[in-house]
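Peer 1: Please find entry_12.txt (compact mmCIF, C-alpha atoms) on the next line:
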# COMPACT_ATOMS: atom_id res chain seq x y z
CA MET A 1 23.37 -17.51 13.51
CA GLY A 2 24.09 -20.97 14.93
CA ALA A 3 22.24 -23.55 16.97
CA ALA A 4 22.59 -21.49 20.16
CA PHE A 5 20.23 -18.87 18.72
CA ALA A 6 17.71 -21.26 17.18
CA GLU A 7 15.19 -20.68 19.99
CA THR A 8 15.94 -16.97 20.49
CA LEU A 9 13.29 -14.37 19.82
CA GLY A 10 14.23 -10.71 19.56
CA THR A 11 15.34 -7.95 17.25
CA CYS A 12 19.04 -8.81 17.79
CA ILE A 13 20.08 -5.46 16.37
CA HIS A 14 23.49 -3.86 16.44
CA THR A 15 22.95 -0.17 17.22
CA GLN A 16 25.13 2.45 15.58
CA PRO A 17 25.12 6.13 16.58
CA VAL A 18 24.23 8.83 14.04
CA ARG A 19 25.38 12.44 14.23
CA ALA A 20 22.49 14.51 12.87
CA ARG A 21 23.05 18.07 11.65
CA TRP A 22 20.06 20.06 10.45
CA GLU A 23 21.29 23.67 10.42
CA GLY A 24 20.41 25.25 7.09
CA LEU A 25 18.65 22.13 5.75
CA THR A 26 15.06 21.86 4.62
CA ALA A 27 12.93 19.00 5.88
CA ARG A 28 13.47 17.09 2.63
CA GLN A 29 17.22 17.69 2.67
CA LEU A 30 17.45 16.51 6.26
CA ALA A 31 15.58 13.29 5.46
CA GLN A 32 17.84 12.68 2.46
CA ALA A 33 20.99 13.36 4.50
CA LEU A 34 19.92 10.96 7.24
CA ARG A 35 19.13 8.27 4.67
CA GLN A 36 22.52 8.69 2.99
CA GLN A 37 24.22 8.51 6.37
CA SER A 38 22.29 5.38 7.27
CA VAL A 39 23.27 3.69 3.99
CA ALA A 40 26.92 4.66 4.46
CA LEU A 41 26.89 3.13 7.95
CA ARG A 42 26.10 -0.32 6.59
CA ALA A 43 29.75 -0.81 5.76
CA HIS A 44 30.48 -0.44 9.49
CA GLU A 45 27.39 -2.04 11.01
CA LEU A 46 29.41 -4.84 12.60
CA ALA A 47 31.99 -2.52 14.15
CA SER A 48 32.26 -2.80 17.92
CA LEU A 49 31.13 0.05 20.12
CA VAL A 50 34.68 0.28 21.45
CA ASP A 51 35.92 1.15 17.97
CA VAL A 52 33.00 3.50 17.34
CA GLN A 53 33.71 5.33 20.60
CA ARG A 54 37.35 5.75 19.59
CA TRP A 55 36.48 6.98 16.08
CA SER A 56 33.83 9.40 17.30
CA GLY A 57 36.09 11.59 19.40
CA VAL A 58 33.56 11.44 22.25
CA PRO A 59 35.48 11.12 25.57
CA ALA A 60 35.53 7.66 27.14
CA GLY A 61 32.83 7.17 29.73
CA ARG A 62 30.45 9.55 28.01
CA ALA A 63 27.44 8.09 26.21
CA LEU A 64 27.63 8.09 22.43
CA ALA A 65 23.89 8.69 22.23
CA GLU A 66 20.99 9.24 24.60
CA ALA A 67 18.14 8.50 22.22
CA LEU A 68 17.40 5.37 20.16
CA LEU A 69 15.13 5.09 17.12
CA VAL A 70 13.78 1.64 16.25
CA TYR A 71 11.93 1.26 12.95
CA ASP A 72 10.42 -1.90 11.43
CA ASP A 73 7.59 -2.61 9.05
CA ARG A 74 5.77 -4.81 11.59
CA LEU A 75 5.61 -5.41 15.31
CA LEU A 76 7.60 -8.41 16.52
CA ASP A 77 4.37 -10.22 17.39
CA GLY A 78 3.03 -9.93 13.84
CA ALA A 79 6.35 -10.74 12.20
CA VAL A 80 6.74 -14.01 14.14
CA LYS A 81 3.13 -15.09 13.65
CA ALA A 82 3.52 -14.66 9.92
CA GLN A 83 6.15 -17.39 9.83
CA PRO A 84 4.84 -20.93 9.33
CA GLY A 85 5.81 -23.56 11.81
CA ARG A 86 6.13 -23.72 15.54
CA TRP A 87 5.45 -19.98 16.22
CA GLU A 88 2.19 -19.85 14.31
CA GLY A 89 -0.83 -19.04 16.53
CA ARG A 90 1.23 -18.07 19.57
CA SER A 91 1.13 -14.65 21.23
CA PHE A 92 4.06 -12.65 22.50
CA ARG A 93 4.57 -9.75 24.87
CA LEU A 94 7.46 -7.32 24.58
CA HIS A 95 9.52 -6.94 27.74
CA GLU A 96 12.66 -4.84 27.70
CA GLN A 97 15.03 -2.89 29.90
CA PRO A 98 16.01 0.18 27.86
CA SER A 99 19.56 1.42 28.24
CA TYR A 100 18.83 4.75 26.54
CA ALA A 101 17.21 7.79 28.14
CA LEU A 102 14.69 7.87 25.30
CA THR A 103 13.65 5.17 22.83
CA LEU A 104 11.19 5.81 20.01
CA TYR A 105 9.57 2.87 18.21
CA ALA A 106 7.96 3.28 14.81
CA TYR A 107 6.21 0.39 13.06
CA GLY A 108 4.40 0.23 9.76
CA GLU A 109 4.74 1.49 6.20
CA GLU A 110 1.72 3.46 5.02
CA CYS A 111 0.56 4.13 8.59
CA LEU A 112 3.00 4.44 11.49
CA ASP A 113 2.37 3.16 14.99
CA LEU A 114 4.50 5.06 17.50
CA ALA A 115 5.61 4.08 20.98
CA LEU A 116 8.06 5.76 23.30
CA THR A 117 9.87 4.82 26.48
CA LEU A 118 11.47 7.46 28.66
CA ARG A 119 13.33 7.43 31.92
CA GLY A 120 11.23 9.62 34.14
CA ASP A 121 7.76 11.08 34.11
CA GLU A 122 5.18 9.30 31.94
CA ALA A 123 3.48 12.64 31.26
CA VAL A 124 6.71 13.95 29.71
CA ALA A 125 6.89 10.86 27.49
CA ASN A 126 3.34 11.46 26.28
CA ARG A 127 4.17 15.09 25.46
CA ILE A 128 7.25 14.12 23.47
CA LEU A 129 5.23 11.48 21.62
CA ALA A 130 2.61 14.09 20.74
CA GLN A 131 5.35 16.41 19.47
CA VAL A 132 6.81 13.67 17.26
CA ALA A 133 3.36 12.95 15.84
CA ARG A 134 2.85 16.67 15.10
CA ALA A 135 6.21 16.88 13.31
CA LEU A 136 5.41 13.82 11.17
CA GLU A 137 2.07 15.37 10.22
CA GLU A 138 3.68 18.67 9.28
CA LEU A 139 6.68 17.36 7.33
CA PRO A 140 4.83 16.49 4.09
CA ARG A 141 2.94 19.80 4.03
CA ASP A 142 5.97 21.89 3.16
CA GLU A 143 9.18 20.03 2.41
CA THR A 144 10.99 23.26 1.50
CA ARG A 145 10.84 24.99 4.88
CA PRO A 146 13.83 24.73 7.23
CA ALA A 147 13.80 21.55 9.29
CA ALA A 148 14.25 23.61 12.46
CA ALA A 149 11.00 25.46 11.65
CA VAL A 150 8.80 22.35 11.54
CA PRO A 151 6.15 22.78 14.28
CA LEU A 152 6.44 20.39 17.20
CA LEU A 153 3.82 21.54 19.68
CA PRO A 154 0.25 20.27 19.32
CA ALA A 155 -2.02 23.05 18.07
CA ALA A 156 -3.69 23.66 21.46
CA GLU A 157 -0.36 23.80 23.31
CA GLU A 158 1.15 26.07 20.67
CA GLU A 159 -1.79 28.46 21.05
CA GLN A 160 -1.30 28.52 24.83
CA VAL A 161 2.48 29.02 24.75
CA LEU A 162 2.66 31.60 21.97
CA ARG A 163 -0.54 33.53 22.52
CA GLY A 164 -2.38 32.52 25.70
CA TRP A 165 0.51 33.04 28.14
CA ASN A 166 1.63 36.17 26.29
CA HIS A 167 -1.76 37.85 26.36
CA THR A 168 -0.66 40.29 29.04
CA GLU A 169 -1.59 43.65 27.53
CA ARG A 170 -2.86 46.20 30.04
CA PRO A 171 -3.75 49.87 29.70
CA VAL A 172 -0.87 52.02 30.97
CA PRO A 173 -1.54 55.67 31.83
CA PRO A 174 0.75 58.32 30.30
CA ALA A 175 2.48 58.97 33.64
CA THR A 176 6.03 59.54 34.84
CA VAL A 177 7.69 58.11 37.92
CA HIS A 178 8.13 61.47 39.65
CA GLY A 179 4.57 62.39 38.68
CA LEU A 180 3.29 59.36 40.56
CA VAL A 181 5.43 60.25 43.58
CA GLU A 182 4.14 63.82 43.53
CA ALA A 183 0.53 62.60 43.30
CA GLN A 184 1.08 60.39 46.34
CA ALA A 185 2.66 63.31 48.20
CA SER A 186 -0.39 65.44 47.42
CA ARG A 187 -2.66 62.80 48.92
CA ARG A 188 -0.57 62.22 52.07
CA TRP A 189 1.19 65.53 52.67
CA SER A 190 1.58 65.16 56.42
CA ALA A 191 2.19 61.40 56.49
CA VAL A 192 5.64 59.87 56.95
CA ALA A 193 7.24 59.19 53.60
CA LEU A 194 10.76 57.99 54.53
CA VAL A 195 12.39 56.47 57.60
CA HIS A 196 16.10 55.73 57.94
CA GLU A 197 17.96 54.90 61.15
CA GLY A 198 15.58 56.90 63.32
CA GLU A 199 15.27 59.91 60.99
CA GLU A 200 11.90 60.58 59.36
CA LEU A 201 10.64 62.73 56.51
CA THR A 202 7.01 63.56 55.86
CA TYR A 203 5.88 63.81 52.27
CA GLY A 204 5.88 67.60 52.62
CA ALA A 205 9.47 67.69 53.90
CA PHE A 206 10.52 65.10 51.34
CA TRP A 207 9.03 67.03 48.44
CA GLY A 208 10.63 70.23 49.75
CA ARG A 209 14.08 68.59 49.50
CA VAL A 210 13.24 67.18 46.09
CA SER A 211 12.18 70.62 44.83
CA THR A 212 15.34 72.31 46.08
CA LEU A 213 17.70 69.76 44.53
CA ALA A 214 15.69 69.60 41.29
CA ALA A 215 15.95 73.37 40.91
CA ARG A 216 19.74 73.15 41.35
CA LEU A 217 19.98 70.37 38.78
CA ARG A 218 17.96 72.34 36.27
CA ALA A 219 20.33 75.24 36.78
CA GLU A 220 23.15 72.85 35.82
CA GLY A 221 21.39 72.06 32.53
CA VAL A 222 19.58 68.86 33.50
CA GLY A 223 16.53 68.19 31.34
CA PRO A 224 14.89 65.41 29.32
CA ASP A 225 17.24 62.47 28.62
CA VAL A 226 20.17 64.21 30.34
CA LEU A 227 21.97 61.66 32.52
CA VAL A 228 22.93 62.38 36.12
CA GLY A 229 25.22 60.09 38.08
CA VAL A 230 23.97 59.31 41.62
CA CYS A 231 26.63 57.97 43.98
CA LEU A 232 25.19 57.88 47.49
CA GLU A 233 24.98 55.45 50.36
CA ARG A 234 21.59 53.93 51.08
CA GLY A 235 19.59 56.53 53.01
CA LEU A 236 17.24 59.50 52.79
CA ASP A 237 19.52 61.52 50.52
CA MET A 238 19.66 58.70 47.99
CA VAL A 239 15.87 58.61 47.60
CA VAL A 240 15.66 62.40 47.46
CA ALA A 241 18.39 62.54 44.81
CA VAL A 242 16.77 59.94 42.58
CA VAL A 243 13.35 61.63 42.61
CA ALA A 244 14.96 65.08 42.21
CA VAL A 245 16.80 63.99 39.08
CA LEU A 246 13.52 62.72 37.63
CA ALA A 247 11.61 65.85 38.72
CA ALA A 248 14.24 67.99 36.97
CA GLY A 249 13.48 66.03 33.82
CA GLY A 250 16.68 63.99 33.76
CA ALA A 251 17.56 60.31 34.15
CA TYR A 252 19.75 58.92 36.91
CA VAL A 253 22.70 56.54 36.60
CA PRO A 254 23.14 54.65 39.91
CA LEU A 255 26.76 54.38 41.02
CA ASP A 256 26.98 52.13 44.07
CA PRO A 257 29.84 53.34 46.34
CA ALA A 258 30.54 49.68 47.19
CA TYR A 259 31.62 49.01 43.59
CA PRO A 260 35.34 49.00 42.70
CA GLU A 261 36.55 52.52 42.02
CA GLU A 262 37.78 51.68 38.53
CA ARG A 263 34.35 50.39 37.59
CA LEU A 264 32.60 53.46 39.00
CA ARG A 265 34.87 55.79 37.03
CA GLY A 266 34.35 53.72 33.89
CA MET A 267 30.56 53.77 34.22
CA LEU A 268 30.45 57.54 34.78
CA ALA A 269 32.76 58.19 31.83
CA ASP A 270 30.91 55.77 29.54
CA SER A 271 27.52 57.29 30.36
CA GLY A 272 28.75 60.78 29.59
CA ALA A 273 26.70 62.13 32.51
CA PRO A 274 27.52 65.86 32.81
CA VAL A 275 26.39 66.06 36.46
CA LEU A 276 27.21 63.88 39.46
CA VAL A 277 25.12 63.94 42.67
CA THR A 278 27.05 62.60 45.65
CA HIS A 279 28.33 63.37 49.16
CA ARG A 280 31.41 65.42 49.90
CA GLY A 281 33.25 62.37 51.23
CA LEU A 282 32.56 60.29 48.09
CA GLN A 283 33.98 62.76 45.55
CA ARG A 284 37.35 61.05 45.96
CA LEU A 285 35.98 58.05 44.00
CA PHE A 286 35.97 60.11 40.79
CA PRO A 287 39.34 61.84 40.44
CA GLY A 288 39.70 63.68 37.16
CA SER A 289 36.00 63.46 36.29
CA ARG A 290 34.69 66.29 34.12
CA ALA A 291 31.17 65.99 35.56
CA THR A 292 29.84 68.89 37.62
CA VAL A 293 29.59 67.68 41.21
CA VAL A 294 26.54 68.50 43.32
CA ALA A 295 27.21 67.48 46.93
CA VAL A 296 23.82 67.10 48.60
CA ASP A 297 25.31 67.41 52.10
CA GLU A 298 26.64 70.87 51.19
CA LEU A 299 23.30 72.24 50.00
CA PRO A 300 21.38 74.60 52.29
CA ALA A 301 18.63 73.00 54.33
CA ALA A 302 15.41 72.80 52.36
CA PRO A 303 12.20 73.95 54.02
CA PRO A 304 9.11 71.76 53.62
CA ALA A 305 7.10 72.58 50.52
CA LEU A 306 4.34 74.97 51.50
CA ALA A 307 1.60 73.28 49.49
CA PRO A 308 1.00 69.93 47.84
CA ALA A 309 1.64 71.43 44.41
CA SER A 310 4.67 71.01 42.19
CA ALA A 311 7.48 73.31 43.19
CA VAL A 312 9.76 72.33 40.33
CA GLY A 313 7.75 73.84 37.50
CA ALA A 314 5.90 72.18 34.68
CA PRO A 315 6.98 68.62 33.90
CA SER A 316 9.80 68.66 31.38
CA SER A 317 9.89 64.93 30.69
CA GLY A 318 7.21 62.51 29.59
CA PRO A 319 6.59 58.75 29.51
CA GLU A 320 8.79 58.38 26.44
CA HIS A 321 11.86 59.92 28.11
CA LEU A 322 14.57 58.10 30.05
CA ALA A 323 14.07 57.45 33.76
CA TYR A 324 17.40 55.75 34.44
CA VAL A 325 20.32 53.88 32.89
CA LEU A 326 21.57 50.74 34.63
CA TYR A 327 24.90 49.09 33.87
CA THR A 328 25.22 45.35 33.48
CA SER A 329 27.59 43.33 35.65
CA GLY A 330 30.19 43.05 32.92
CA SER A 331 30.31 39.26 33.23
CA THR A 332 30.55 38.98 29.42
CA GLY A 333 33.06 41.81 29.07
CA LYS A 334 32.74 45.54 29.56
CA PRO A 335 29.63 46.69 31.51
CA LYS A 336 26.95 48.05 29.19
CA GLY A 337 24.34 50.71 29.93
CA VAL A 338 20.68 49.69 29.59
CA MET A 339 18.22 52.55 29.05
CA VAL A 340 14.81 52.41 30.75
CA GLU A 341 12.00 54.88 30.02
CA HIS A 342 9.32 56.17 32.40
CA ARG A 343 6.60 54.20 30.64
CA ASN A 344 8.55 50.98 31.22
CA VAL A 345 8.74 51.65 34.96
CA VAL A 346 5.09 52.73 35.22
CA ASN A 347 4.08 49.58 33.37
CA PHE A 348 6.04 47.55 35.92
CA PHE A 349 4.41 49.38 38.85
CA ILE A 350 0.93 48.69 37.52
CA GLY A 351 1.77 45.05 36.83
CA MET A 352 3.17 44.54 40.33
CA ASP A 353 0.17 46.18 41.98
CA GLU A 354 -2.08 43.85 39.99
CA ARG A 355 0.05 40.81 40.78
CA LEU A 356 0.05 41.59 44.51
CA GLY A 357 -3.68 42.33 44.56
CA PHE A 358 -3.56 46.10 45.18
CA THR A 359 -6.44 48.13 43.79
CA GLY A 360 -7.25 51.80 44.21
CA GLU A 361 -4.58 53.15 46.56
CA PRO A 362 -0.97 52.32 45.57
CA GLY A 363 0.34 49.25 47.34
CA VAL A 364 3.40 48.91 49.54
CA TRP A 365 6.10 46.45 48.47
CA LEU A 366 9.22 45.24 50.20
CA ALA A 367 12.31 45.87 48.05
CA VAL A 368 15.72 44.74 49.31
CA THR A 369 17.77 45.09 46.14
CA SER A 370 20.44 47.66 45.36
CA LEU A 371 19.49 50.79 43.43
CA SER A 372 21.79 49.42 40.71
CA PHE A 373 19.71 46.28 40.27
CA ASP A 374 16.51 46.04 38.19
The structure given in the file should be rewritten as structure tokens.
Peer 2:
Amino acid sequence: MGAAFAETLGTCIHTQPVRARWEGLTARQLAQALRQQSVALRAHELASLVDVQRWSGVPAGRALAEALLVYDDRLLDGAVKAQPGRWEGRSFRLHEQPSYALTLYAYGEECLDLALTLRGDEAVANRILAQVARALEELPRDETRPAAAVPLLPAAEEEQVLRGWNHTERPVPPATVHGLVEAQASRRWSAVALVHEGEELTYGAFWGRVSTLAARLRAEGVGPDVLVGVCLERGLDMVVAVVAVLAAGGAYVPLDPAYPEERLRGMLADSGAPVLVTHRGLQRLFPGSRATVVAVDELPAAPPALAPASAVGAPSSGPEHLAYVLYTSGSTGKPKGVMVEHRNVVNFFIGMDERLGFTGEPGVWLAVTSLSFD
């Protein structure tokens, strides 16, 4: 390489980027493809990075690669010592300033020594190194499996991620949402259940309103898995309407009056809900709707339930029936309805009580989200 390099020690390599594609390839096929690509690159190994950048189609200023693989049969120290002459018997220490986010070194033939440098946390580098070692151990065991299926996580970490963190099974009682509300009402009949802008409802008064509205909904044909649109402002009537729909055996579809009118009409039509619970002043949001409208502010005043027993008849829905249907935001196109069953909600309640440390009596949470958000 000339007299100027006679005293230079180093790998003096010319790095070339490789575009690796492994979709649909087995581990053996991927290794063969990478080898063929590496051999084909030898015809261009002296090409400048300027030319490579232009050929690659990668925009100027963007890195061609973020990871570098260095492979040799021996460490630099051993390779130099093996040469007779002035370097014999001398020791060397590798000092470098990596320009890549990640550099993996592999040395040896029958047994590989691995080293890795990473910009950032040393613990992350050690984890990546352990994953590379696991992949190299697994590759020869089944060369026919897809390359993307080769395990990377160390056995202990894989056990934790796939099984340990997912071991969340809990016994869930065969309850319904309105059944839980009714049970709480039975325990606290005279206690305040709802407060809104200075107006209060005891559990007895609350359940009286629920019973009255539920009876009306049943008369309109509401039963298990029958959807009922609920378009009400945040307030006492909204809570009463939701529980009444469930107590009648149906499932509610929240329709936030703050939503654009076109979206509200589309959600109601798409759900096919035959009944709509709303206020007299909000009916205008649904011109031409075929749903039967039940205006809660036009119903006769409901007296408090006389006893802490169900006033809506035997439960007509169970844990396996729908509790509500929520519509997505429509950010990927048309809003889509997502069906949620009673057992899903009860499971969530139990999990939240456990997470927040409530035992025995139901806990009290602070919820500030819209009825249309889950």
Peer 1: Would you mind telling me which residue in A:Leu299, A:Ala291, A:Ala123, A:Leu194 lies nearest to A:Ala273 when using only C-alpha atoms?
Peer 2: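 Once distances to A:Ala273 are computed over only C-alpha atoms, the minimum belongs to A:Ala291.
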Peer 1: If I take atom CA of A:His342 and atom CA of A:Glu354, how far is one from the other in Å, to one decimal?
Peer 2: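 For atom CA of A:His342 relative to atom CA of A:Glu354, the distance reads 18.4 Å.
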Peer 1: Give me, as a count of residues only, all polymer residues having an atom no more than 9 Å from stretch 129-138 of chain A, counting only C-alpha atoms and skipping those fewer than 6 positions away in the same chain.
Peer 2: 10
Peer 1: At most 12 Å from (17.3, 63.1, 41.3), file frame, all atoms listed in the file: which residues, as an NGL selection string?
Peer 2: :A and (177-178 or 207 or 209-218 or 222-223 or 226-232 or 237-254 or 275-278 or 294 or 296 or 312 or 323-324)
Peer 1: Excluding A:Gly318 and any residue of its chain fewer than 2 positions from it, enumerate the residues within 8 Å of it, using only C-alpha atoms, and give them as a VMD selection string.
Peer 2: chain A and resid 174 to 176 315 to 316 320 to 321 342
Peer 1: Record the distance separating atom CA of A:Ser99 and atom CA of A:Ala125, expressed in Å with one decimal.
Peer 2: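 Separation between atom CA of A:Ser99 and atom CA of A:Ala125: 15.8 Å.
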Peer 1: As an exercise, work out the distance from atom CA of A:Arg21 to atom CA of A:Ala106 in Å and give it to one decimal place.
Peer 2: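 Atom-to-atom, atom CA of A:Arg21 to atom CA of A:Ala106, that is 21.4 Å.
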Peer 1: Considering all atoms listed in the file, state which residue in the set A:Tyr203, A:Pro173, A:Phe286, A:Arg234 is at the smallest distance from A:Asn347.
Peer 2: A:Pro173
Peer 1: Which residues are near A:Arg263? Cut-off 12 Å, all atoms listed in the file, ignore same chain within fewer than 4 positions. Put them as a count of residues only.
Peer 2: 18
Peer 1: Draw an axis-aligned box tight on the listed atoms of stretch 246-264 of chain A, then pad every side by 3 Å and write out centre and edge lengths in Å to one decimal as JSON.
Peer 2:
{"center_x": 24.7, "center_y": 58.5, "center_z": 40.5, "size_x": 32.2, "size_y": 25.0, "size_z": 19.4}
Peer 1: Can you pull out every residue within 10 Å of A:Ala193, counting only C-alpha atoms, but drop anything in the same chain fewer than 6 positions away, and send it as an MDAnalysis selection string?
Peer 2: chainID A and resid 184:185 200:207
Peer 1: If I put a ball of radius 7 Å at (28.4, -3.0, 17.8) in the file's coordinates, which residues poke into it when counting all atoms listed in the file, written as a list in words?
Peer 2: His14, Thr15, Gln16, Glu45, Leu46, Ala47, Ser48 and Leu49 of chain A
Peer 1: Could you check which of A:Gly57, A:Gly208, A:Ala63, A:Leu236 is closest to A:Val195, using all atoms listed in the file?
Peer 2: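 For A:Val195, the nearest of the given residues is A:Leu236.
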